[in-house]
Structures are given as C-alpha cells and as structure tokens.
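Here's the structure, in structure tokens; my notes come after.
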Amino acid sequence: MAERLQLVGETHCLDINTVANETTAKNLDRVSFSLSSKDQPDSVMVHGAWVIDKLNIPFFKVLKKRAAEQWNYLSDVDLPKLDSGDVVVLIGAGMAHLLIHLEVCQGRRDEPITVKTPLGWTLFGNVNH
C-alpha cells in the first residue's frame, strides 16, 4: 500500500518479536499519511507509521447479507464491503481517538459483535459457525 501511495519515509532498523519469542531485525520505513473513511470524511493525519510488507493476519470475508441472516441483531449495521484480504492499516493505541466505541451491537456471548468507531463499523469475534 505504501508503494502504491508513493509514501516515502526515513528507514530505521526495528527489532520485531513474535509470540514464539523469536526476534528479527528489519529495516523499515516510517511514513506519514492522511486517513479517512466513508464515516470519517475529514482526514486524520497519521505520523510515524511503520511500513511492513505483509501482516500475518488471516482473512475472512463476511457478506453483509449473510451476517444479517445469521445474526439478526446485525441487520441494521452498515458493514463495509472489503475487496482485498490484506490488512493495509493497523491502528494502534497511538491513534486511540480512532478506536473509540461509538456504538456496539451484540448478541449472545458466543456470537460476533460489531463496534462503530469514528472510521466506521468493525466486526469482531468468531464468524465461522
């Protein structure tokens, strides 16, 4: 994504630790960019974001219609349509104002929930049953 957006930054050596306690050193760029969404059309500046080739995050495609049929409490939630399986921006605690829960829709304990943030709706939980 950074290459496609022609983001250029300063390169730093960063030690990356895994859950298995393995450490690798990577040369990564730190970039700045503006971020917006359908629900947040006013741009938010992101400074000092790390650029990495790929996040090892599994992709699950959930169709809005299927979600609403399976979990009726989600029928009024405007879930975004995702065209790609790759996570391109991971928002952390440094941008906490974008993670505020404005609204939450939930069912039973074993069902997924949706959370509306300033950037839009996000689906959390197990969607494979």
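Numbering starts fresh at 1 for the residues of each chain in the structure tokens, the chains themselves are lettered A, B, ... in the order given, and ligands are numbered from 1 as they appear.
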
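The shell of residues at most 12 Å from Lys116 (chain A), with only C-alpha atoms counted and near chain neighbours (fewer than 5 positions) removed, consists of Asp39, Gln40, Leu74, Val77, Asp78, Leu79, Pro80, Leu98, Leu99, Ile100, His101, Leu102, Glu103, Val104, Cys105, Gln106, Trp121, Thr122, Leu123 and Phe124 of chain A.
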
Restrict the selected residues to C-alpha atoms and save them as a compact mmCIF listing (two decimals), in the first residue's frame.
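File produced: out08.txt:
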# COMPACT_ATOMS: atom_id res chain seq x y z
CA ASP A 39 -17.89 7.59 8.00
CA GLN A 40 -14.95 9.94 8.66
CA LEU A 74 -26.63 -7.06 12.81
CA VAL A 77 -25.32 -2.38 10.85
CA ASP A 78 -23.67 -0.85 7.78
CA LEU A 79 -20.76 -3.29 7.46
CA PRO A 80 -18.18 -2.19 4.88
CA LEU A 98 -9.98 6.44 16.17
CA LEU A 99 -10.70 3.36 18.32
CA ILE A 100 -13.44 4.90 20.48
CA HIS A 101 -16.57 2.73 20.58
CA LEU A 102 -19.42 4.99 19.49
CA GLU A 103 -21.92 2.16 19.27
CA VAL A 104 -21.89 -1.60 19.95
CA CYS A 105 -24.22 -4.31 18.63
CA GLN A 106 -24.03 -7.68 20.30
CA TRP A 121 -18.10 -0.41 11.66
CA THR A 122 -15.82 -3.31 12.57
CA LEU A 123 -16.82 -6.93 13.12
CA PHE A 124 -15.19 -8.85 15.99

Next item on the list: Determine, counting only C-alpha atoms, which protein, DNA and RNA residues have an atom within 12 Å of an atom of Leu5 (chain A); residues of the same chain fewer than 3 positions away are not included. Present the result as number ranges by chain.
Entry: A: 1-2, 8, 31-35, 51, 88

Output for the residues just chosen: N, CA and C atoms as a PDB file, in the first residue's frame:
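What ended up in result_36.pdb:
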ATOM      1  N   MET A   1       0.826  -1.184   0.000  1.00  0.00           N
ATOM      2  CA  MET A   1       0.000   0.000   0.000  1.00  0.00           C
ATOM      3  C   MET A   1       0.870   1.247   0.000  1.00  0.00           C
ATOM      4  N   ALA A   2       1.911   1.250   0.802  1.00  0.00           N
ATOM      5  CA  ALA A   2       2.783   2.424   0.881  1.00  0.00           C
ATOM      6  C   ALA A   2       3.412   2.722  -0.472  1.00  0.00           C
ATOM      7  N   VAL A   8       7.007   7.951   1.148  1.00  0.00           N
ATOM      8  CA  VAL A   8       8.449   7.872   1.346  1.00  0.00           C
ATOM      9  C   VAL A   8       8.747   8.318   2.770  1.00  0.00           C
ATOM     10  N   VAL A  31       6.544   6.487   7.899  1.00  0.00           N
ATOM     11  CA  VAL A  31       5.908   7.429   6.980  1.00  0.00           C
ATOM     12  C   VAL A  31       4.770   8.164   7.671  1.00  0.00           C
ATOM     13  N   SER A  32       4.317   9.210   7.032  1.00  0.00           N
ATOM     14  CA  SER A  32       3.127   9.948   7.476  1.00  0.00           C
ATOM     15  C   SER A  32       2.137   9.983   6.323  1.00  0.00           C
ATOM     16  N   PHE A  33       0.863   9.961   6.659  1.00  0.00           N
ATOM     17  CA  PHE A  33      -0.181   9.996   5.634  1.00  0.00           C
ATOM     18  C   PHE A  33      -1.484  10.448   6.278  1.00  0.00           C
ATOM     19  N   SER A  34      -2.456  10.782   5.433  1.00  0.00           N
ATOM     20  CA  SER A  34      -3.776  11.127   5.959  1.00  0.00           C
ATOM     21  C   SER A  34      -4.706   9.940   5.748  1.00  0.00           C
ATOM     22  N   LEU A  35      -5.625   9.773   6.670  1.00  0.00           N
ATOM     23  CA  LEU A  35      -6.541   8.640   6.680  1.00  0.00           C
ATOM     24  C   LEU A  35      -7.961   9.163   6.782  1.00  0.00           C
ATOM     25  N   VAL A  51       6.063   0.898   7.960  1.00  0.00           N
ATOM     26  CA  VAL A  51       5.666   0.223   6.719  1.00  0.00           C
ATOM     27  C   VAL A  51       6.293  -1.166   6.713  1.00  0.00           C
ATOM     28  N   VAL A  88      -4.251  -3.426   5.453  1.00  0.00           N
ATOM     29  CA  VAL A  88      -3.311  -2.428   4.943  1.00  0.00           C
ATOM     30  C   VAL A  88      -2.967  -1.365   5.981  1.00  0.00           C
TER      31      VAL A  88
END

Strand (DSSP E or B) call set, DSSP backbone run, region 10-129 of chain A, as an MDAnalysis selection string
chainID A and resid 10:17 23:35 44:51 103:105 113:117 120:124

Students should find that CA of Ser36 (chain A) and CA of His12 (chain A) are spaced 26.6 Å

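Proximity to Thr114 (chain A) was assessed for A:Asn128, A:Ala25, A:Lys64, A:Ala96 counting only C-alpha atoms; the smallest distance is recorded for A:Lys64.
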
- Filtered DSSP result for chain A, state helix (DSSP H, G or I), as a PyMOL selection string: chain A and resi 64-70+72-74+93-98

If you keep all heavy atoms, can you produce a file of those selected residues as a compact mmCIF listing (two decimals), in the first residue's frame?
# COMPACT_ATOMS: atom_id res chain seq x y z
N LYS A 64 -22.43 -9.03 4.11
CA LYS A 64 -23.38 -8.32 4.96
C LYS A 64 -24.72 -9.06 5.03
O LYS A 64 -25.29 -9.23 6.10
CB LYS A 64 -23.57 -6.90 4.44
CG LYS A 64 -24.53 -6.10 5.27
CD LYS A 64 -24.69 -4.70 4.74
CE LYS A 64 -25.70 -3.95 5.56
NZ LYS A 64 -25.91 -2.60 5.12
N LYS A 65 -25.19 -9.53 3.89
CA LYS A 65 -26.48 -10.22 3.84
C LYS A 65 -26.43 -11.50 4.69
O LYS A 65 -27.34 -11.78 5.46
CB LYS A 65 -26.84 -10.55 2.39
CG LYS A 65 -28.18 -11.23 2.25
CD LYS A 65 -28.50 -11.52 0.80
CE LYS A 65 -29.82 -12.24 0.71
NZ LYS A 65 -30.10 -12.74 -0.63
N ARG A 66 -25.35 -12.27 4.56
CA ARG A 66 -25.21 -13.50 5.34
C ARG A 66 -25.12 -13.20 6.83
O ARG A 66 -25.73 -13.88 7.65
CB ARG A 66 -23.97 -14.27 4.90
CG ARG A 66 -23.81 -15.56 5.67
CD ARG A 66 -22.57 -16.33 5.23
NE ARG A 66 -22.18 -17.20 6.33
CZ ARG A 66 -21.17 -16.97 7.17
NH1 ARG A 66 -20.43 -15.91 7.01
NH2 ARG A 66 -20.89 -17.79 8.14
N ALA A 67 -24.39 -12.16 7.19
CA ALA A 67 -24.26 -11.79 8.59
C ALA A 67 -25.62 -11.42 9.18
O ALA A 67 -25.97 -11.83 10.29
CB ALA A 67 -23.27 -10.64 8.76
N ALA A 68 -26.40 -10.64 8.43
CA ALA A 68 -27.71 -10.21 8.91
C ALA A 68 -28.68 -11.39 9.03
O ALA A 68 -29.52 -11.42 9.92
CB ALA A 68 -28.28 -9.15 7.99
N GLU A 69 -28.56 -12.37 8.12
CA GLU A 69 -29.42 -13.55 8.19
C GLU A 69 -29.04 -14.44 9.36
O GLU A 69 -29.90 -14.97 10.05
CB GLU A 69 -29.32 -14.35 6.88
CG GLU A 69 -29.99 -13.69 5.70
CD GLU A 69 -29.68 -14.38 4.38
OE1 GLU A 69 -28.88 -15.35 4.36
OE2 GLU A 69 -30.24 -13.94 3.37
N GLN A 70 -27.75 -14.60 9.58
CA GLN A 70 -27.27 -15.49 10.64
C GLN A 70 -27.40 -14.86 12.03
O GLN A 70 -27.69 -15.54 13.00
CB GLN A 70 -25.82 -15.87 10.36
CG GLN A 70 -25.35 -17.00 11.23
CD GLN A 70 -24.07 -17.60 10.67
OE1 GLN A 70 -23.55 -17.21 9.64
NE2 GLN A 70 -23.54 -18.57 11.39
N ASN A 72 -29.42 -11.76 13.42
CA ASN A 72 -30.40 -10.71 13.09
C ASN A 72 -30.13 -9.37 13.77
O ASN A 72 -30.56 -8.33 13.30
CB ASN A 72 -31.83 -11.18 13.34
CG ASN A 72 -32.08 -11.51 14.79
OD1 ASN A 72 -31.18 -11.49 15.62
ND2 ASN A 72 -33.33 -11.82 15.10
N TYR A 73 -29.42 -9.36 14.89
CA TYR A 73 -29.09 -8.09 15.55
C TYR A 73 -28.12 -7.24 14.74
O TYR A 73 -27.91 -6.07 15.05
CB TYR A 73 -28.56 -8.34 16.97
CG TYR A 73 -27.27 -9.13 17.03
CD1 TYR A 73 -26.05 -8.49 17.10
CD2 TYR A 73 -27.30 -10.52 16.99
CE1 TYR A 73 -24.86 -9.21 17.14
CE2 TYR A 73 -26.12 -11.25 17.05
CZ TYR A 73 -24.91 -10.59 17.11
OH TYR A 73 -23.75 -11.31 17.15
N LEU A 74 -27.54 -7.81 13.67
CA LEU A 74 -26.63 -7.06 12.81
C LEU A 74 -27.31 -6.50 11.56
O LEU A 74 -26.66 -5.87 10.73
CB LEU A 74 -25.45 -7.95 12.37
CG LEU A 74 -24.59 -8.53 13.48
CD1 LEU A 74 -23.47 -9.38 12.90
CD2 LEU A 74 -24.01 -7.42 14.34
N ALA A 93 -2.65 2.04 19.67
CA ALA A 93 -3.01 2.92 20.78
C ALA A 93 -2.58 4.36 20.57
O ALA A 93 -3.14 5.27 21.16
CB ALA A 93 -2.42 2.39 22.08
N GLY A 94 -1.59 4.59 19.71
CA GLY A 94 -1.17 5.96 19.42
C GLY A 94 -2.24 6.77 18.71
O GLY A 94 -2.17 8.00 18.67
N MET A 95 -3.22 6.10 18.15
CA MET A 95 -4.34 6.76 17.48
C MET A 95 -5.65 6.38 18.18
O MET A 95 -6.66 6.09 17.55
CB MET A 95 -4.39 6.36 15.99
CG MET A 95 -3.14 6.69 15.20
SD MET A 95 -2.88 8.45 15.01
CE MET A 95 -4.19 8.93 13.92
N ALA A 96 -5.61 6.37 19.50
CA ALA A 96 -6.74 5.88 20.30
C ALA A 96 -8.06 6.58 19.99
O ALA A 96 -9.12 5.98 20.10
CB ALA A 96 -6.41 6.00 21.78
N HIS A 97 -8.00 7.84 19.58
CA HIS A 97 -9.24 8.56 19.28
C HIS A 97 -9.99 7.94 18.10
O HIS A 97 -11.19 8.16 17.95
CB HIS A 97 -8.95 10.04 19.03
CG HIS A 97 -8.07 10.29 17.84
ND1 HIS A 97 -6.71 10.07 17.86
CD2 HIS A 97 -8.37 10.73 16.60
CE1 HIS A 97 -6.20 10.36 16.68
NE2 HIS A 97 -7.18 10.76 15.89
N LEU A 98 -9.31 7.13 17.28
CA LEU A 98 -9.98 6.44 16.17
C LEU A 98 -10.54 5.09 16.59
O LEU A 98 -11.24 4.44 15.82
CB LEU A 98 -9.00 6.24 15.00
CG LEU A 98 -8.48 7.51 14.36
CD1 LEU A 98 -7.48 7.18 13.26
CD2 LEU A 98 -9.63 8.36 13.81

Judged by only C-alpha atoms, the minimum distance to Ser75 (chain A) among A:Leu14, A:Gly107, A:Lys54, A:Leu119 is found for A:Gly107

key: For Leu7 (chain A), the nearest of the candidates A:Ala20, A:Trp50, A:Val44, A:Asn27, counting only C-alpha atoms   =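 The answer is A:Trp50, which sits nearest to Leu7 (chain A).
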